[in-house]
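Okay, so here's the structure we're looking at.
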Amino acid sequence: MLLGMLAGAAEAPDPNTVNKVFGIPMFSDTPLFEEKPSPVLRRLRLQQTQRGSLTEVYSVTGGTFAGLETAEIGLVTDGGVIGELSINVLNKGDFFSPEGIRAFVAATGLDAGRHPKRLESQMQKRFGKRQKEATQHLGDLLTQTFGEPQRHVFKQGRRRRLLRWDWRDTAFLLDGVKQEYVILRVMRIAAADAGGALLERIHDGDIRKQLLENIHTADNGDVSLHNVPMVDQGDKGYCGVASAERVLRYFSIPLDSHQLANLMATNKFGGTQLKDLEVIMHQIAHRHKRDFDKLASGVGIRNVAKHIDRGVPLMWGVYLTPEFEKIVAERQARRAKATAEKWAETVSRERRHTRRIKPDLNGGHLRLIVGYNAETTEIAFSDSWDGDRFVWITAKEAKRFSMPAALYTLTP
């Protein structure tokens, strides 16, 4: 009924009409990109999920948009100004995640243990059908609401042509990559005209200053980085692309995990090959006039400190070994209560036990190194599933569980 009304309505619908079509209170009488973030966050009930020096990300999972179930709705702010709103309708990471598989098995009754190939085939067909239906539905709805779209060159990640609709100060871009995702990107018209790229490049000198301001030194000698964005990968095997997004967001480069999963050929069931990650990160760094380096010197304290002291986190490939991870997790509460001298003795004693644990060579994982303590010879890491928690381990332990030649930095 509502779409029938729109067909004969004025070319520029009012905000209330658009909100009814979308099924969420996205707009007010004030144009979206003239609003301050706080009222928009309240209307859409978004919670902060990433915090950086300049960039913050707010999101909510689940819900509906325009009659479609959504995986996530997210809003990015830059320097306290609304940057981009994204409606993630469908993506391979969530669809093929362990939770997604369980839901599909429950709905179809397939025996995943006996027929894994049939399960994969049917899930892939279902994903393709849902993607086609969602793309058609959104395209029809946006056309009936705002008129015929234009074809637009989008430059975030890989150049591609998207359908675009403009209204007031807002551009709607329907971004869909076959067997990857369907995302409606909502941005200011000037940003869309620039292909989704940053309107103003942040100068290297300003970035270096921001990086130094992120360094925090505690009384016990812990040196750590604050304002490193958090990307929660959920139960998806997206540690590679989530870690990459965290580093890119830290440098105000606007690419999300789903775009990166497409570029890096991340497996739909999870897992990114390091060689693919390296190639794409080099390309992104070059495009944004940054440097992406593969470090040969390993996770020794001096090498880690050299980068942390410049405000630069390190992307670190490890063998995720449950026995070791359990010991380390239990150790953190005791560390917070100990003096640096006593703690140095404790970790030296406990290393005798952890060095007997063999790394699980099937447990490849990527995380960020975000701190060090020279006195206790420890490093701190952060995972893309652990909130803002830092986990401290000795440099020798870090070396033992490191994947070979899997340490990287992005720098100005």
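FYI, nothing fancy with the structure tokens labels: chains A, B, ... in order, residues from 1 per chain, ligands from 1 as they appear.
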Residues of stretch 30-147 of chain A that approach stretch 223-240 of chain A to 12 Å or less, counting only C-alpha atoms: could you list each one with the shortest pair of atoms and its distance in Å to one decimal, rows by chain and increasing residue number, as a tab-separated table?
residue	atom	partner	partner_atom	distance
A:Gln48	CA	A:Met230	CA	9.9
A:Thr49	CA	A:Met230	CA	6.6
A:Gln50	CA	A:Pro229	CA	4.7
A:Arg51	CA	A:Pro229	CA	4.9
A:Gly52	CA	A:Asn227	CA	4.2
A:Ser53	CA	A:Asn227	CA	5.6
A:Leu54	CA	A:Asn227	CA	8.9
A:Thr55	CA	A:Pro229	CA	8.3
A:Glu56	CA	A:Pro229	CA	7.8
A:Val57	CA	A:Pro229	CA	8.5
A:Tyr58	CA	A:Val231	CA	10.8
A:Ser59	CA	A:Val231	CA	10.8
A:Val60	CA	A:Asp232	CA	11.9
A:Thr61	CA	A:Gly234	CA	10.8
A:Ala71	CA	A:Gly234	CA	11.7
A:Glu72	CA	A:Asp232	CA	11.9
A:Gly74	CA	A:Val231	CA	11.9
A:Val76	CA	A:Pro229	CA	11.7
A:Asn91	CA	A:Lys236	CA	10.9
A:Lys92	CA	A:Lys236	CA	9.4
A:Gly93	CA	A:Lys236	CA	5.7
A:Asp94	CA	A:Lys236	CA	6.4
A:Phe95	CA	A:Lys236	CA	9.1
A:Phe96	CA	A:Lys236	CA	7.9
A:Ser97	CA	A:Lys236	CA	5.0
A:Pro98	CA	A:Asp235	CA	6.7
A:Glu99	CA	A:Asp235	CA	7.3
A:Gly100	CA	A:Lys236	CA	9.5
A:Ile101	CA	A:Lys236	CA	11.0
I need the chosen residues saved as a short mmCIF file (atom, residue, chain, number, x, y, z; two decimals), in the first residue's frame, with N, CA and C atoms.
data_model
loop_
_atom_site.label_atom_id
_atom_site.label_comp_id
_atom_site.auth_asym_id
_atom_site.auth_seq_id
_atom_site.Cartn_x
_atom_site.Cartn_y
_atom_site.Cartn_z
N GLN A 48 28.21 1.89 20.91
CA GLN A 48 29.59 2.02 20.44
C GLN A 48 30.28 0.66 20.42
N THR A 49 30.88 0.32 19.28
CA THR A 49 31.62 -0.94 19.15
C THR A 49 33.07 -0.74 18.77
N GLN A 50 33.44 0.45 18.28
CA GLN A 50 34.83 0.77 17.97
C GLN A 50 35.10 2.20 18.41
N ARG A 51 36.31 2.41 18.94
CA ARG A 51 36.72 3.75 19.32
C ARG A 51 38.16 3.97 18.91
N GLY A 52 38.39 4.99 18.11
CA GLY A 52 39.75 5.34 17.69
C GLY A 52 40.04 6.78 18.02
N SER A 53 41.20 7.26 17.57
CA SER A 53 41.57 8.64 17.85
C SER A 53 40.57 9.60 17.25
N LEU A 54 40.15 9.34 16.01
CA LEU A 54 39.19 10.20 15.33
C LEU A 54 37.90 9.47 14.99
N THR A 55 38.02 8.19 14.66
CA THR A 55 36.89 7.42 14.15
C THR A 55 36.24 6.60 15.26
N GLU A 56 34.90 6.64 15.30
CA GLU A 56 34.14 5.79 16.20
C GLU A 56 33.08 5.06 15.39
N VAL A 57 32.79 3.81 15.79
CA VAL A 57 31.78 3.01 15.10
C VAL A 57 30.73 2.57 16.10
N TYR A 58 29.47 2.73 15.72
CA TYR A 58 28.34 2.33 16.55
C TYR A 58 27.51 1.33 15.74
N SER A 59 26.97 0.32 16.40
CA SER A 59 26.22 -0.67 15.63
C SER A 59 25.20 -1.40 16.50
N VAL A 60 24.33 -2.13 15.82
CA VAL A 60 23.40 -3.04 16.48
C VAL A 60 23.24 -4.23 15.55
N THR A 61 23.21 -5.42 16.12
CA THR A 61 23.05 -6.63 15.31
C THR A 61 21.59 -7.07 15.31
N ALA A 71 21.79 -8.33 9.27
CA ALA A 71 22.87 -8.85 10.10
C ALA A 71 23.36 -7.77 11.05
N GLU A 72 23.42 -6.52 10.55
CA GLU A 72 23.97 -5.44 11.38
C GLU A 72 23.64 -4.09 10.74
N GLY A 74 25.24 -0.23 11.11
CA GLY A 74 26.39 0.44 11.70
C GLY A 74 26.51 1.88 11.25
N VAL A 76 29.40 5.17 11.30
CA VAL A 76 30.77 5.62 11.55
C VAL A 76 30.77 7.12 11.72
N ASN A 91 25.59 -11.33 4.61
CA ASN A 91 27.01 -11.50 4.32
C ASN A 91 27.40 -12.95 4.55
N LYS A 92 28.41 -13.40 3.84
CA LYS A 92 28.79 -14.81 3.89
C LYS A 92 29.35 -15.20 5.26
N GLY A 93 30.02 -14.26 5.94
CA GLY A 93 30.61 -14.59 7.23
C GLY A 93 29.59 -15.03 8.24
N ASP A 94 28.51 -14.27 8.39
CA ASP A 94 27.46 -14.63 9.34
C ASP A 94 26.63 -15.81 8.84
N PHE A 95 26.33 -15.84 7.55
CA PHE A 95 25.48 -16.90 7.01
C PHE A 95 26.13 -18.27 7.17
N PHE A 96 27.45 -18.36 6.94
CA PHE A 96 28.16 -19.63 7.01
C PHE A 96 28.92 -19.82 8.33
N SER A 97 28.61 -18.99 9.32
CA SER A 97 29.23 -19.13 10.64
C SER A 97 28.69 -20.38 11.34
N PRO A 98 29.33 -20.84 12.42
CA PRO A 98 28.78 -21.98 13.15
C PRO A 98 27.33 -21.79 13.56
N GLU A 99 26.98 -20.57 14.02
CA GLU A 99 25.60 -20.30 14.38
C GLU A 99 24.68 -20.36 13.16
N GLY A 100 25.16 -19.83 12.03
CA GLY A 100 24.38 -19.88 10.80
C GLY A 100 24.16 -21.30 10.31
N ILE A 101 25.19 -22.13 10.44
CA ILE A 101 25.07 -23.53 10.04
C ILE A 101 24.05 -24.25 10.91
#
Which residue gives the smallest distance to A:Leu85 among A:Ser348, A:Ser384, A:Gln332, A:Thr170, with only C-alpha atoms counted? A:Thr170
DSSP-assigned alpha helix (DSSP H) among stretch 122-244 of chain A, expressed as number ranges by chain: A: 122-146, 189-193, 204-213, 239-244
What gap, in Å, lies between atom CA of A:Tyr250 and atom CA of A:Gly371? 15.3 Å
What are the DSSP strand (DSSP E) residues of stretch 111-291 of chain A, as a PyMOL selection string? chain A and resi 150-154+160-167+170-177+181-188+215-217+223-225+291
Cut-off 12 Å: closest stretch 52-124 of chain A/stretch 26-31 of chain A atom pairs per residue, using only C-alpha atoms, as CSV:
residue,atom,partner,partner_atom,distance
A:Phe65,CA,A:Met26,CA,10.2
A:Ala66,CA,A:Met26,CA,11.5
A:Ile73,CA,A:Met26,CA,10.9
A:Gly74,CA,A:Met26,CA,11.8
A:Leu75,CA,A:Met26,CA,11.2
A:Ile82,CA,A:Pro31,CA,11.3
A:Leu85,CA,A:Met26,CA,9.7
A:Ser86,CA,A:Met26,CA,11.4
A:Ile87,CA,A:Met26,CA,11.1
Based on the selection just made, write N, CA and C atoms of those residues as a tab-separated table (two decimals), in the first residue's frame.
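Listing of out-v5.tsv after writing:
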chain	number	residue	atom	x	y	z
A	65	PHE	N	15.09	-4.17	8.29
A	65	PHE	CA	15.15	-2.93	7.51
A	65	PHE	C	14.36	-3.16	6.23
A	66	ALA	N	13.36	-2.33	5.99
A	66	ALA	CA	12.54	-2.42	4.78
A	66	ALA	C	11.95	-3.82	4.59
A	73	ILE	N	23.40	-3.10	11.58
A	73	ILE	CA	23.32	-1.70	11.15
A	73	ILE	C	24.43	-0.96	11.86
A	74	GLY	N	25.24	-0.23	11.11
A	74	GLY	CA	26.39	0.44	11.70
A	74	GLY	C	26.51	1.88	11.25
A	75	LEU	N	27.05	2.71	12.12
A	75	LEU	CA	27.27	4.11	11.81
A	75	LEU	C	28.69	4.50	12.21
A	82	ILE	N	28.96	12.68	11.64
A	82	ILE	CA	28.47	11.45	11.01
A	82	ILE	C	29.17	11.25	9.67
A	85	LEU	N	26.58	5.50	7.16
A	85	LEU	CA	25.66	4.55	7.78
A	85	LEU	C	25.56	3.35	6.84
A	86	SER	N	25.65	2.14	7.38
A	86	SER	CA	25.58	0.95	6.53
A	86	SER	C	24.54	-0.02	7.09
A	87	ILE	N	23.75	-0.57	6.19
A	87	ILE	CA	22.75	-1.58	6.55
A	87	ILE	C	23.20	-2.89	5.91
